[in-house]
Amino acid sequence: MIIRETAYPRAALIGNPSDGYYGKTIAFVFANFHADIRLYETPLLTLVPNCRDGNEYSSVDALADDIGSYGYYGGIRLLKAAVKKLRDYCRAHGIRLPRRNFTLEYSSTIPNRLGLAGSSAIITAAMRGLLRFYDIESKMDPSEMANVVLAAERDELGIPAGLQDRVAQAFNHPVYMNFDRAYMEKHGVGIYDRVVIPDELNLYVAYRTDLSEGSEVLHSRLRYEYEHGVKRVVDAISEWASLTDRFRQAMDSGRLSEIPGLINRNFDLRREVCAGSISSMNLDMVSAARSVGASAKFTGSGGAIIGTYEDEEMYNALEKVLSGRGIKVIRPKVVYGK
């Protein structure tokens with residue numbers, strides 16, 4: 001039997017990047033792109049390379065372009081980390097894995113290194129497939145899966161990250177996340193509530209086709225300043241959490257007219273606190289979107305933005321102003337999965 005699993009890119013609607021610092025966020029996954037795995041039993045455990053794992057190039061320029069798109073390490077490391085962390089989780093929880101080997105393949109259409117959580121989508125899809133293969137799906141709930149996927153990236157691969165992406169992908173549903181420190185230290189997970197995004201809230205996602213960057217610079221600096229109690233950073237985390245609560249209240253009460261201002265403030269606060277980590281091209285993308293009246297903030301740590309628009313006329317204007325800068329605009333198909 002061939003097992004197939006899918007995970008989707010994440011868009012942070014409000015509150016990021018406070019998720020790694022005991023803050024609050026709302027995020028969702030959307031089906032415009034996807035990461036897929038295929039897994040089937042074989043005599044040896046085999047991880048199949050994808051195009052991003054290649055080591056042969058037609059020229060020096062082709063090698064440089066590949067690095068710009070995928071970084072230096074490719075995707076096999078993500079599969080290795082997923083398998084190892086599943087093994088670690090099972091040992092820690094007294095779960096005996098059958099002595100069965102498999103071949104694991106992956107592919108992804110998620111634009112890479114653009115703040116859409118493409119790496120964690122691959123790991124999440126792999127984790128789902130592994131749980132099915134070993135028939136232990138009931139042994140790991142979505143909250144635990146998010147922790148395991150984060151550990152695969154952060155502990156195994158040294159990728160600075162927070163829980164938000166992995167929670168949205170593990171739940172496969174829009175989620176309000178409260179990373180209250182006392183609760184997390186007691187329970188090991190945050191407070192996660194599934195939410196519904198109103199159909200009347202016109203959302204767009206836009207991403208650059210000529211910009212690819214990771215989140216390491218932002219998170220490394222923010223982590224250092226947060227742990228050293230820098231006041232402007234501590235205050236910003238608190239305000240991002242407040243913006244998240246106000247956003248949820250506005251959604252629940254139908255006060256959708258308040259949401260664009262909250263989205264804009266989320267980014268403006270980020271710019272105040274993390275100015276040195278925002279490139280001129282990223283800043284131009286936000287400014288261009290706002291120039292036609294749309295709201296705009298990062299979906300993650302740069303390279304892609306999310307916001308709201310009022311009507312078709314504004315959406316068309318948004319497409320026009322962004323396409324001229326090499327930026328694609330889509331309407332995200334929000335996933336409400338199991």
# chains A, B, ... in the order shown; residues from 1 in each chain; ligands from 1

$ select_by_dssp --residues "segment 201-264 of chain A" --states "alpha helix (DSSP H)" --output "PyMOL selection string"
chain A and resi 216-227+231-253+259-264

$ atom_distance --atom1 "atom CA of Gly74 of chain A" --atom2 "atom CA of Gly118 of chain A"
11.8 Å

$ closest_atom_pairs --of "segment 168-278 of chain A" --to "segment 6-14 of chain A" --cutoff "8 Å" --atoms "only C-alpha atoms" --output "CSV"
residue,atom,partner,partner_atom,distance
A:Ala168,CA,A:Arg10,CA,6.8
A:Gln169,CA,A:Ala7,CA,6.5
A:Asn172,CA,A:Ala7,CA,7.8
A:Trp240,CA,A:Ile14,CA,7.7
A:Leu243,CA,A:Ile14,CA,7.1
A:Thr244,CA,A:Ile14,CA,5.7
A:Phe247,CA,A:Ile14,CA,7.4
A:Leu262,CA,A:Ile14,CA,7.9
A:Ile263,CA,A:Ile14,CA,6.4
A:Asn266,CA,A:Ile14,CA,6.8

$ write_last_selection --atoms "all heavy atoms" --output "PDB file, in the first residue's frame"
ATOM      1  N   ALA A 168      -0.621  25.419  13.144  1.00  0.00           N
ATOM      2  CA  ALA A 168      -1.592  25.589  12.060  1.00  0.00           C
ATOM      3  C   ALA A 168      -1.555  24.389  11.111  1.00  0.00           C
ATOM      4  O   ALA A 168      -2.599  23.893  10.667  1.00  0.00           O
ATOM      5  CB  ALA A 168      -1.317  26.876  11.293  1.00  0.00           C
ATOM      6  N   GLN A 169      -0.353  23.901  10.806  1.00  0.00           N
ATOM      7  CA  GLN A 169      -0.235  22.772   9.881  1.00  0.00           C
ATOM      8  C   GLN A 169      -0.683  21.465  10.523  1.00  0.00           C
ATOM      9  O   GLN A 169      -1.290  20.620   9.862  1.00  0.00           O
ATOM     10  CB  GLN A 169       1.209  22.679   9.378  1.00  0.00           C
ATOM     11  CG  GLN A 169       1.547  23.816   8.426  1.00  0.00           C
ATOM     12  CD  GLN A 169       3.032  23.954   8.138  1.00  0.00           C
ATOM     13  OE1 GLN A 169       3.878  23.613   8.975  1.00  0.00           O
ATOM     14  NE2 GLN A 169       3.375  24.465   6.967  1.00  0.00           N
ATOM     15  N   ASN A 172      -4.432  21.682  10.716  1.00  0.00           N
ATOM     16  CA  ASN A 172      -5.020  21.762   9.376  1.00  0.00           C
ATOM     17  C   ASN A 172      -6.288  22.611   9.390  1.00  0.00           C
ATOM     18  O   ASN A 172      -7.289  22.292   8.737  1.00  0.00           O
ATOM     19  CB  ASN A 172      -5.334  20.353   8.850  1.00  0.00           C
ATOM     20  CG  ASN A 172      -5.068  20.204   7.370  1.00  0.00           C
ATOM     21  OD1 ASN A 172      -4.196  20.871   6.811  1.00  0.00           O
ATOM     22  ND2 ASN A 172      -5.802  19.326   6.713  1.00  0.00           N
ATOM     23  N   TRP A 240       1.758  42.663  20.378  1.00  0.00           N
ATOM     24  CA  TRP A 240       1.346  41.685  19.366  1.00  0.00           C
ATOM     25  C   TRP A 240       0.270  40.747  19.921  1.00  0.00           C
ATOM     26  O   TRP A 240      -0.675  40.407  19.216  1.00  0.00           O
ATOM     27  CB  TRP A 240       2.550  40.880  18.888  1.00  0.00           C
ATOM     28  CG  TRP A 240       3.347  41.569  17.832  1.00  0.00           C
ATOM     29  CD1 TRP A 240       2.869  42.214  16.726  1.00  0.00           C
ATOM     30  CD2 TRP A 240       4.780  41.688  17.771  1.00  0.00           C
ATOM     31  NE1 TRP A 240       3.914  42.729  15.989  1.00  0.00           N
ATOM     32  CE2 TRP A 240       5.094  42.419  16.598  1.00  0.00           C
ATOM     33  CE3 TRP A 240       5.824  41.233  18.581  1.00  0.00           C
ATOM     34  CZ2 TRP A 240       6.403  42.703  16.222  1.00  0.00           C
ATOM     35  CZ3 TRP A 240       7.132  41.525  18.219  1.00  0.00           C
ATOM     36  CH2 TRP A 240       7.411  42.252  17.058  1.00  0.00           C
ATOM     37  N   LEU A 243      -2.964  42.693  19.966  1.00  0.00           N
ATOM     38  CA  LEU A 243      -3.516  42.797  18.615  1.00  0.00           C
ATOM     39  C   LEU A 243      -4.256  41.515  18.227  1.00  0.00           C
ATOM     40  O   LEU A 243      -5.297  41.554  17.570  1.00  0.00           O
ATOM     41  CB  LEU A 243      -2.393  43.068  17.607  1.00  0.00           C
ATOM     42  CG  LEU A 243      -1.730  44.447  17.662  1.00  0.00           C
ATOM     43  CD1 LEU A 243      -0.519  44.485  16.725  1.00  0.00           C
ATOM     44  CD2 LEU A 243      -2.708  45.544  17.285  1.00  0.00           C
ATOM     45  N   THR A 244      -3.710  40.382  18.647  1.00  0.00           N
ATOM     46  CA  THR A 244      -4.332  39.093  18.332  1.00  0.00           C
ATOM     47  C   THR A 244      -5.697  38.974  18.997  1.00  0.00           C
ATOM     48  O   THR A 244      -6.683  38.546  18.365  1.00  0.00           O
ATOM     49  CB  THR A 244      -3.422  37.936  18.782  1.00  0.00           C
ATOM     50  OG1 THR A 244      -2.169  38.047  18.098  1.00  0.00           O
ATOM     51  CG2 THR A 244      -4.055  36.597  18.476  1.00  0.00           C
ATOM     52  N   PHE A 247      -8.130  41.246  17.272  1.00  0.00           N
ATOM     53  CA  PHE A 247      -8.466  40.698  15.964  1.00  0.00           C
ATOM     54  C   PHE A 247      -9.544  39.624  16.106  1.00  0.00           C
ATOM     55  O   PHE A 247     -10.529  39.614  15.357  1.00  0.00           O
ATOM     56  CB  PHE A 247      -7.202  40.097  15.331  1.00  0.00           C
ATOM     57  CG  PHE A 247      -7.319  39.759  13.877  1.00  0.00           C
ATOM     58  CD1 PHE A 247      -6.727  40.557  12.910  1.00  0.00           C
ATOM     59  CD2 PHE A 247      -8.003  38.633  13.456  1.00  0.00           C
ATOM     60  CE1 PHE A 247      -6.811  40.241  11.563  1.00  0.00           C
ATOM     61  CE2 PHE A 247      -8.102  38.303  12.112  1.00  0.00           C
ATOM     62  CZ  PHE A 247      -7.503  39.111  11.168  1.00  0.00           C
ATOM     63  N   LEU A 262      -5.511  46.666  12.390  1.00  0.00           N
ATOM     64  CA  LEU A 262      -4.764  45.760  13.253  1.00  0.00           C
ATOM     65  C   LEU A 262      -3.647  45.076  12.467  1.00  0.00           C
ATOM     66  O   LEU A 262      -2.532  44.907  12.973  1.00  0.00           O
ATOM     67  CB  LEU A 262      -5.703  44.716  13.849  1.00  0.00           C
ATOM     68  CG  LEU A 262      -6.840  45.256  14.730  1.00  0.00           C
ATOM     69  CD1 LEU A 262      -7.774  44.122  15.136  1.00  0.00           C
ATOM     70  CD2 LEU A 262      -6.283  45.956  15.962  1.00  0.00           C
ATOM     71  N   ILE A 263      -3.946  44.683  11.233  1.00  0.00           N
ATOM     72  CA  ILE A 263      -2.927  44.061  10.380  1.00  0.00           C
ATOM     73  C   ILE A 263      -1.786  45.040  10.115  1.00  0.00           C
ATOM     74  O   ILE A 263      -0.601  44.685  10.227  1.00  0.00           O
ATOM     75  CB  ILE A 263      -3.560  43.589   9.060  1.00  0.00           C
ATOM     76  CG1 ILE A 263      -4.454  42.368   9.309  1.00  0.00           C
ATOM     77  CG2 ILE A 263      -2.491  43.265   8.013  1.00  0.00           C
ATOM     78  CD1 ILE A 263      -5.217  41.892   8.092  1.00  0.00           C
ATOM     79  N   ASN A 266       0.419  45.508  13.139  1.00  0.00           N
ATOM     80  CA  ASN A 266       1.286  44.354  13.373  1.00  0.00           C
ATOM     81  C   ASN A 266       2.617  44.533  12.643  1.00  0.00           C
ATOM     82  O   ASN A 266       3.691  44.301  13.209  1.00  0.00           O
ATOM     83  CB  ASN A 266       0.593  43.089  12.894  1.00  0.00           C
ATOM     84  CG  ASN A 266       1.187  41.814  13.457  1.00  0.00           C
ATOM     85  OD1 ASN A 266       0.503  41.033  14.117  1.00  0.00           O
ATOM     86  ND2 ASN A 266       2.461  41.558  13.194  1.00  0.00           N
TER      87      ASN A 266
END

$ residues_around --residues "segment 124-136 of chain A" --least-positions-apart "6" --cutoff "10 Å" --atoms "only C-alpha atoms" --output "PDB file with C-alpha atoms, in the first residue's frame"
ATOM      1  CA  MET A   1       0.000   0.000   0.000  1.00  0.00           C
ATOM      2  CA  ILE A   2       1.229   3.489  -0.851  1.00  0.00           C
ATOM      3  CA  ILE A   3       0.550   6.113   1.819  1.00  0.00           C
ATOM      4  CA  ARG A   4       0.062   9.671   0.597  1.00  0.00           C
ATOM      5  CA  GLU A   5      -0.104  12.697   2.884  1.00  0.00           C
ATOM      6  CA  THR A   6      -0.247  16.452   2.285  1.00  0.00           C
ATOM      7  CA  ALA A   7       0.498  19.563   4.306  1.00  0.00           C
ATOM      8  CA  TYR A   8      -0.065  23.175   3.308  1.00  0.00           C
ATOM      9  CA  HIS A  34       1.083  21.920  -0.993  1.00  0.00           C
ATOM     10  CA  ALA A  35       3.832  19.602   0.215  1.00  0.00           C
ATOM     11  CA  ASP A  36       3.253  15.914  -0.525  1.00  0.00           C
ATOM     12  CA  ILE A  37       4.859  12.667   0.585  1.00  0.00           C
ATOM     13  CA  ARG A  38       4.594   9.091  -0.631  1.00  0.00           C
ATOM     14  CA  LEU A  39       5.581   6.279   1.708  1.00  0.00           C
ATOM     15  CA  TYR A  40       5.589   2.519   1.110  1.00  0.00           C
ATOM     16  CA  GLU A  41       7.172  -0.535   2.682  1.00  0.00           C
ATOM     17  CA  LEU A  78      13.923  17.465   6.721  1.00  0.00           C
ATOM     18  CA  LEU A  79      12.907  13.841   6.153  1.00  0.00           C
ATOM     19  CA  LYS A  80      15.803  12.578   8.272  1.00  0.00           C
ATOM     20  CA  ALA A  81      14.831  14.916  11.108  1.00  0.00           C
ATOM     21  CA  ALA A  82      11.190  13.810  10.898  1.00  0.00           C
ATOM     22  CA  VAL A  83      12.104  10.116  11.128  1.00  0.00           C
ATOM     23  CA  LYS A  85      12.133  12.789  16.060  1.00  0.00           C
ATOM     24  CA  LEU A  86       9.325  10.263  15.594  1.00  0.00           C
ATOM     25  CA  CYS A  90       8.019   6.908  20.584  1.00  0.00           C
ATOM     26  CA  ILE A  95       5.564   3.270  22.007  1.00  0.00           C
ATOM     27  CA  ARG A  96       7.085   0.255  20.313  1.00  0.00           C
ATOM     28  CA  LEU A  97       7.660   0.737  16.592  1.00  0.00           C
ATOM     29  CA  PRO A  98       7.323  -2.375  14.420  1.00  0.00           C
ATOM     30  CA  ARG A  99      10.532  -3.415  12.671  1.00  0.00           C
ATOM     31  CA  ARG A 100       9.401  -2.311   9.218  1.00  0.00           C
ATOM     32  CA  ASN A 101      11.343  -0.250   6.709  1.00  0.00           C
ATOM     33  CA  PHE A 102      10.030   2.091   4.068  1.00  0.00           C
ATOM     34  CA  LEU A 104       9.847   7.994   1.666  1.00  0.00           C
ATOM     35  CA  GLU A 105       9.503  10.441  -1.230  1.00  0.00           C
ATOM     36  CA  TYR A 106       8.555  14.107  -1.114  1.00  0.00           C
ATOM     37  CA  GLY A 118       7.448  25.278   3.401  1.00  0.00           C
ATOM     38  CA  MET A 145       2.682  16.840  16.535  1.00  0.00           C
ATOM     39  CA  ALA A 146       3.387  20.572  16.413  1.00  0.00           C
ATOM     40  CA  VAL A 148       7.622  17.212  17.476  1.00  0.00           C
ATOM     41  CA  VAL A 149       7.836  19.034  14.131  1.00  0.00           C
ATOM     42  CA  LEU A 150       9.288  22.104  15.844  1.00  0.00           C
ATOM     43  CA  ARG A 166       3.557  23.842  13.078  1.00  0.00           C
ATOM     44  CA  VAL A 167       0.343  24.289  15.076  1.00  0.00           C
ATOM     45  CA  GLN A 169      -0.235  22.772   9.881  1.00  0.00           C
ATOM     46  CA  ALA A 170      -0.829  20.051  12.483  1.00  0.00           C
TER      47      ALA A 170
END

$ residues_around --residues "Arg270 of chain A" --least-positions-apart "2" --cutoff "12 Å" --atoms "only C-alpha atoms" --output "PyMOL selection string"
chain A and resi 14-18+218+222+232-233+235-237+239-240+263-268+272-278+283+297-298+300-302

$ closest_atom_pairs --of "segment 301-328 of chain A" --to "segment 189-211 of chain A" --cutoff "7 Å" --atoms "only C-alpha atoms" --output "tab-separated table"
residue	atom	partner	partner_atom	distance
A:Gly303	CA	A:Arg208	CA	5.8
A:Ala304	CA	A:Tyr207	CA	4.0
A:Ile305	CA	A:Ala206	CA	5.3
A:Ile306	CA	A:Val205	CA	4.5
A:Gly307	CA	A:Tyr204	CA	5.7
A:Thr308	CA	A:Leu203	CA	4.6
A:Tyr309	CA	A:Asn202	CA	5.7
A:Glu310	CA	A:Asn202	CA	6.7
A:Gly326	CA	A:Thr209	CA	6.0
A:Ile327	CA	A:Arg208	CA	4.4
A:Lys328	CA	A:Ala206	CA	5.4

$ write_last_selection --atoms "N, CA and C atoms" --output "compact mmCIF listing (two decimals), in the first residue's frame"
# COMPACT_ATOMS: atom_id res chain seq x y z
N GLY A 303 9.40 38.08 2.53
CA GLY A 303 9.28 37.42 1.25
C GLY A 303 7.86 37.27 0.77
N ALA A 304 6.91 37.24 1.72
CA ALA A 304 5.50 37.15 1.39
C ALA A 304 4.70 37.99 2.38
N ILE A 305 3.59 38.53 1.91
CA ILE A 305 2.74 39.36 2.76
C ILE A 305 1.30 38.85 2.70
N ILE A 306 0.53 39.25 3.71
CA ILE A 306 -0.89 38.96 3.75
C ILE A 306 -1.61 40.24 4.15
N GLY A 307 -2.83 40.37 3.69
CA GLY A 307 -3.60 41.56 4.06
C GLY A 307 -5.03 41.43 3.57
N THR A 308 -5.75 42.52 3.66
CA THR A 308 -7.14 42.57 3.23
C THR A 308 -7.31 43.61 2.13
N TYR A 309 -8.35 43.42 1.33
CA TYR A 309 -8.73 44.40 0.31
C TYR A 309 -10.24 44.59 0.40
N GLU A 310 -10.72 45.72 -0.09
CA GLU A 310 -12.13 46.05 0.09
C GLU A 310 -13.03 45.39 -0.95
N GLY A 326 7.36 42.20 -9.86
CA GLY A 326 7.71 40.79 -9.81
C GLY A 326 7.08 40.07 -8.63
N ILE A 327 5.91 40.54 -8.22
CA ILE A 327 5.22 39.97 -7.05
C ILE A 327 3.90 39.36 -7.49
N LYS A 328 3.67 38.11 -7.13
CA LYS A 328 2.43 37.43 -7.45
C LYS A 328 1.41 37.60 -6.33

$ atom_distance --atom1 "atom CA of Pro160 of chain A" --atom2 "atom CA of Asp61 of chain A"
28.9 Å

$ closest_residue --among "A:Asp88, A:Asp165, A:Glu313, A:Glu137" --to "Ile123 of chain A" --atoms "only C-alpha atoms"
A:Asp165

$ decode --residues "segment 210-275 of chain A" --atoms "C-alpha atoms" --output "mmCIF file, in the first residue's frame"
data_model
loop_
_atom_site.group_PDB
_atom_site.id
_atom_site.type_symbol
_atom_site.label_atom_id
_atom_site.label_comp_id
_atom_site.auth_asym_id
_atom_site.auth_seq_id
_atom_site.Cartn_x
_atom_site.Cartn_y
_atom_site.Cartn_z
ATOM 1 C CA ASP A 210 12.891 37.370 -6.910
ATOM 2 C CA LEU A 211 13.464 37.266 -3.162
ATOM 3 C CA SER A 212 14.252 34.241 -1.053
ATOM 4 C CA GLU A 213 15.413 34.487 2.522
ATOM 5 C CA GLY A 214 15.165 32.516 5.737
ATOM 6 C CA SER A 215 13.952 33.613 9.140
ATOM 7 C CA GLU A 216 17.228 32.985 10.933
ATOM 8 C CA VAL A 217 18.429 36.602 11.125
ATOM 9 C CA LEU A 218 15.178 37.932 12.575
ATOM 10 C CA HIS A 219 14.704 35.198 15.160
ATOM 11 C CA SER A 220 18.330 35.107 16.287
ATOM 12 C CA ARG A 221 18.338 38.832 17.029
ATOM 13 C CA LEU A 222 14.858 38.899 18.539
ATOM 14 C CA ARG A 223 15.658 35.908 20.746
ATOM 15 C CA TYR A 224 18.802 37.560 22.072
ATOM 16 C CA GLU A 225 17.042 40.827 22.889
ATOM 17 C CA TYR A 226 14.009 39.110 24.400
ATOM 18 C CA GLU A 227 16.107 36.918 26.673
ATOM 19 C CA HIS A 228 18.073 39.972 27.773
ATOM 20 C CA GLY A 229 14.892 41.833 28.656
ATOM 21 C CA VAL A 230 15.221 44.674 26.138
ATOM 22 C CA LYS A 231 12.157 46.781 26.978
ATOM 23 C CA ARG A 232 11.071 47.679 23.470
ATOM 24 C CA VAL A 233 11.072 43.980 22.532
ATOM 25 C CA VAL A 234 9.213 42.859 25.658
ATOM 26 C CA ASP A 235 6.631 45.611 25.108
ATOM 27 C CA ALA A 236 6.254 44.624 21.458
ATOM 28 C CA ILE A 237 5.538 40.994 22.357
ATOM 29 C CA SER A 238 2.792 42.206 24.683
ATOM 30 C CA GLU A 239 1.298 44.447 22.005
ATOM 31 C CA TRP A 240 1.346 41.685 19.366
ATOM 32 C CA ALA A 241 -0.594 39.516 21.810
ATOM 33 C CA SER A 242 -3.088 42.330 22.367
ATOM 34 C CA LEU A 243 -3.516 42.797 18.615
ATOM 35 C CA THR A 244 -4.332 39.093 18.332
ATOM 36 C CA ASP A 245 -7.076 39.280 20.960
ATOM 37 C CA ARG A 246 -8.549 42.389 19.374
ATOM 38 C CA PHE A 247 -8.466 40.698 15.964
ATOM 39 C CA ARG A 248 -10.332 37.661 17.268
ATOM 40 C CA GLN A 249 -12.932 39.827 18.970
ATOM 41 C CA ALA A 250 -13.425 41.804 15.760
ATOM 42 C CA MET A 251 -13.925 38.583 13.768
ATOM 43 C CA ASP A 252 -16.310 37.086 16.304
ATOM 44 C CA SER A 253 -18.427 40.228 16.586
ATOM 45 C CA GLY A 254 -18.480 41.039 12.866
ATOM 46 C CA ARG A 255 -16.512 44.281 13.287
ATOM 47 C CA LEU A 256 -14.435 43.499 10.221
ATOM 48 C CA SER A 257 -13.721 47.160 9.495
ATOM 49 C CA GLU A 258 -11.286 47.136 12.455
ATOM 50 C CA ILE A 259 -9.139 44.358 11.013
ATOM 51 C CA PRO A 260 -7.106 46.246 8.359
ATOM 52 C CA GLY A 261 -5.796 48.644 10.993
ATOM 53 C CA LEU A 262 -4.764 45.760 13.253
ATOM 54 C CA ILE A 263 -2.927 44.061 10.380
ATOM 55 C CA ASN A 264 -1.085 47.262 9.505
ATOM 56 C CA ARG A 265 -0.141 47.884 13.127
ATOM 57 C CA ASN A 266 1.286 44.354 13.373
ATOM 58 C CA PHE A 267 3.778 45.165 10.627
ATOM 59 C CA ASP A 268 4.470 48.735 11.738
ATOM 60 C CA LEU A 269 5.373 47.478 15.205
ATOM 61 C CA ARG A 270 7.650 44.893 13.661
ATOM 62 C CA ARG A 271 9.342 47.626 11.680
ATOM 63 C CA GLU A 272 9.882 49.673 14.833
ATOM 64 C CA VAL A 273 11.426 46.757 16.716
ATOM 65 C CA CYS A 274 13.186 44.827 13.933
ATOM 66 C CA ALA A 275 14.067 47.550 11.430
#
